[in-house]
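Enquirer: Please find one structure pasted underneath; my questions will follow.
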Amino acid sequence: MYKYIRLTNTLRYSGERINNGIRLCCTHEFNSNKHRSRSHTAGLLFGAAVSSLLAYKIYKENKFVYLKEAEKQINTDKYGAYQPNLPEYSLEEVTKHATKSTKIWVIFRRGVYDITSFVEEHPGGDQIMLGAGNSIEPFWLLYGVHNQIQIYEMLEKMRIGNISEKDAGESVKDMSDPYHNDPKRHPILKPASVKPFNAEAPLSLLADNFISPNELFYVRNHLPVPEVDISTYELEVEVEGTKKKLVLSFKDLERLQKHTITATIMCAGNRRSEMSKLKTVKGLDWGCAAIGNATYTGVRLRDVLDKVGIKEGSDYKHVQFEGLDTDSTGKSYGASIPFWRAVDKKCDVLLAYEMNGKPLPKDHGFPIRVVVPGVVGARNVKWLGKIVVSQNESDSHWQQNDYKGFSPSIDWDNVDFSTAPAIQELPVTSAICKPAPGSTVKIEDGCIFVQEFSRE
């Protein structure tokens, strides 16, 4: 039996597990009035009440509790390795296969693959053709989402041979690392991928503070972190189909009315590693800590749009955002939100230049990022370079072919991104932060101490 008890300015959770004589007793006091924000998601209470024990298997033995140990990482060296039973091809031979008429071959490590039949199914659209007739490794450096067992196994099914020993590495020998200017990160962050850098702090730290420290806030990057000179920075604002256009410097933005909100941002993939234990899910193998709560300061998006004559009630459907982070073809990360949300005063959509009282860190969008309370992290575009008021959603890959909602019956064999809605609102999940998986916890007076985060 589990129950919530509401006290004045306090949220408590108490529970009992009677079967084995173990009681789970958790209390955490929190001044909800002091930290309450007008933002939709500021009700995230780090270290608040426990919502579920289902994430753990608890065993009792000599008054100690053992939590199930986390799974070990899998070695990927075998994928793309030389296979003596397959034919060898020269780089010259591979380069002749770069169109559908000649069949489309690519190289990955020592492997040669015929991906012709897969091109039309590729979630990234024709971006896959950038590697046609050559190595796909430079592009996988940019798009770290490919660094997954499922992707490697899918590629291996299309394998036709090996690249010759003479040409092995030739296609990537002059490849520079597009991530060489990325900032240094706190070593405690646990990477889900390194290039691009995506990482979360240990789950146990989330319950320690209502506000997540900048250095420990989860990082979700899709592309290399751009170098931005604040003295020359410009934000373009356009209204599609009109001549209305505005260019704002960083100082121009600072002169507008300052506004501060407290908001939670959560990655759409948060807790994906747990989902994959039930059914394999493609994407970065996030734990439970791809979520953070911070105080942001900047200017309201509605105030910036007002400067180009766009007000609440205007006949537009979407507001698009483009980041300054780009891929090897110059395409920017992009996303959009509904127009009504962008201009609604209650929604508190912010163009932020401070995070927890400090200038935005490079990993979190310096000098300007969009903060959209209550909306999936993918729409909170970082390193903002352009805003477009439009009748249409962003045509960005990440708006049209990623971050979409599907039913559990949909998989890669029957998915249709074109008919699925782009994820916008995303409820905050709940997770137990302490004790951690694999830890040993002593029972005192029939109780164990538990901390978690949840939404109010």
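A note on labels: chains of the structure tokens are A, B, ... as shown, every chain counts residues from 1, and ligands are counted from 1 in their shown order.
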Neighbours of range 153-168 of chain A within 9 Å (only C-alpha atoms; same-chain residues fewer than 5 positions away dropped), as a PyMOL selection string?
Expert: chain A and resi 79-92+94+107-115+118+148
Enquirer: Need the shell around Phe339 in chain A: protein/DNA/RNA residues with any atom at most 9 Å away, counting only C-alpha atoms. Skip same-chain ones fewer than 3 positions apart. Format as a PyMOL selection string?
Expert: chain A and resi 312+314-319+336+342-344+389-391
Enquirer: Pick from A:Val428, A:Ile410, A:Val308, A:Ile261: nearest to Leu350 in chain A, with only C-alpha atoms counted?
Expert: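 Result for the nearest residue to Leu350 in chain A: A:Ile261.
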Enquirer: May I ask which of the residues A:Gly334, A:Gly241, A:Gly374, A:Gly131 is the closest one to Ile387 in chain A, counting only C-alpha atoms?
Expert: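 Nearest to Ile387 in chain A: A:Gly334.
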Enquirer: Give me the residues near Lys362 in chain A as a ChimeraX atom specification, where near means some atom within 12 Å (using only C-alpha atoms) and where sequence neighbours in that chain fewer than 4 positions away do not count.
Expert: /A:181-185,214-215,219-221,224-230,324-325,353-355,358,366-369,382-383
Enquirer: State, in Å with one decimal place, the distance from CA of Glu425 in chain A to CA of Val376 in chain A.
Expert: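 Going from CA of Glu425 in chain A over to CA of Val376 in chain A, I get 6.0 Å.
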Enquirer: Pick out the residues sitting within 9 Å of Leu205 in chain A, and hand them over as a list in words; count only C-alpha atoms, and ignore anything fewer than 5 positions along from it in its own chain.
Expert: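 Result of the neighbour search: Ser212, Leu216, Cys433 and Lys434 of chain A.
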Enquirer: I'd like to know which of A:Arg300, A:Gly287, A:Glu444, A:Phe139 is closest to Leu189 in chain A, using only C-alpha atoms.
Expert: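 Checking each of A:Arg300, A:Gly287, A:Glu444, A:Phe139 against Leu189 in chain A, counting only C-alpha atoms, the winner is A:Gly287.
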Enquirer: Which residue gives the smallest distance to Ala199 in chain A among A:Thr232, A:Asn270, A:Ser418, A:Asn380, with only C-alpha atoms counted?
Expert: A:Asn270
Enquirer: Running DSSP on the backbone, which parts of range 386-450 of chain A land in strand (DSSP E), as a list of chain:residue names?
Expert: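 Written out, the strand (DSSP E) residues of range 386-450 of chain A are A:Lys386, A:Ile387, A:Val388, A:Val389, A:Ser390, A:Ala431, A:Ile432, A:Cys433, A:Lys434, A:Thr440, A:Val441, A:Lys442.
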Enquirer: For those residues, write C-alpha atoms to a file as a PDB file, in the first residue's frame.
Expert:
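Result went into again-v3.pdb, see below:
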ATOM      1  CA  LYS A 386      17.469  32.724 -36.768  1.00  0.00           C
ATOM      2  CA  ILE A 387      13.733  32.919 -36.042  1.00  0.00           C
ATOM      3  CA  VAL A 388      11.130  32.576 -38.801  1.00  0.00           C
ATOM      4  CA  VAL A 389       7.412  33.217 -38.309  1.00  0.00           C
ATOM      5  CA  SER A 390       5.678  30.910 -40.763  1.00  0.00           C
ATOM      6  CA  ALA A 431      12.711   8.157 -11.174  1.00  0.00           C
ATOM      7  CA  ILE A 432      14.375   6.869  -8.021  1.00  0.00           C
ATOM      8  CA  CYS A 433      17.756   8.588  -7.552  1.00  0.00           C
ATOM      9  CA  LYS A 434      18.953   6.968  -4.345  1.00  0.00           C
ATOM     10  CA  THR A 440      23.990  -2.077  -0.852  1.00  0.00           C
ATOM     11  CA  VAL A 441      21.642  -0.380   1.588  1.00  0.00           C
ATOM     12  CA  LYS A 442      21.260  -1.155   5.258  1.00  0.00           C
TER      13      LYS A 442
END
Enquirer: Enumerate as a ChimeraX atom specification all residues of range 129-329 of chain A assigned to alpha helix (DSSP H) by DSSP on the backbone, naming them with the chain letters and numbers the document uses.
Expert: /A:137-142,149-156,203-206,250-255,272-278,301-306
Enquirer: Could you check the closest approach to Thr326 in chain A for each of A:Thr297, A:Gln257, A:Ser396, A:Thr95 and tell me which residue wins, using only C-alpha atoms?
Expert: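 Closest to Thr326 in chain A of all the choices is A:Ser396.
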Enquirer: Using only C-alpha atoms, which protein or nucleic acid residues come within 9 Å of Thr260 in chain A? Drop anything in the same chain fewer than 5 positions from it, and give the result as a ChimeraX atom specification.
Expert: /A:295-299,350,352
Enquirer: How many Å separate CA of Lys307 in chain A from CA of Gly385 in chain A?
Expert: 16.8 Å
Enquirer: Kindly indicate which residue among A:Gly313, A:Pro408, A:Gly377, A:Pro202 lies nearest to Val281 in chain A, using only C-alpha atoms for the distances.
Expert: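 Checking each of A:Gly313, A:Pro408, A:Gly377, A:Pro202 against Val281 in chain A, counting only C-alpha atoms, the winner is A:Pro408.
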Enquirer: For Pro213 in chain A, please output as an NGL selection string all residues within 9 Å (counting only C-alpha atoms; exclusion window: fewer than 3 positions along the same chain).
Expert: :A and (209 or 216-217 or 292-294 or 356)
Enquirer: Atoms to include: N, CA and C atoms. Write the selected residues as a compact mmCIF listing (two decimals), in the first residue's frame.
Expert:
# COMPACT_ATOMS: atom_id res chain seq x y z
N ASN A 209 19.70 18.75 -5.28
CA ASN A 209 19.35 20.17 -5.43
C ASN A 209 18.13 20.34 -6.31
N LEU A 216 26.73 20.17 -14.16
CA LEU A 216 26.19 18.82 -14.04
C LEU A 216 24.89 18.65 -14.80
N PHE A 217 24.45 19.70 -15.48
CA PHE A 217 23.22 19.63 -16.27
C PHE A 217 23.46 18.72 -17.47
N GLY A 292 16.97 18.20 -16.40
CA GLY A 292 17.56 19.19 -15.50
C GLY A 292 16.62 20.34 -15.24
N ASN A 293 16.82 20.99 -14.13
CA ASN A 293 15.98 22.11 -13.71
C ASN A 293 16.89 23.32 -13.48
N ALA A 294 16.60 24.43 -14.13
CA ALA A 294 17.47 25.61 -14.03
C ALA A 294 16.66 26.89 -14.06
N ASN A 356 21.13 29.90 -14.49
CA ASN A 356 21.47 29.90 -13.07
C ASN A 356 22.37 31.08 -12.70
Enquirer: Report, in Å with one decimal, the straight-line distance from CA of Leu256 in chain A to CA of Ile211 in chain A.
Expert: 25.8 Å
Enquirer: Near Thr116 in chain A, within 9 Å and counting only C-alpha atoms, which residues show up once chain neighbours fewer than 3 positions away are dropped, as a ChimeraX atom specification?
Expert: /A:99-100,103-105,119-120
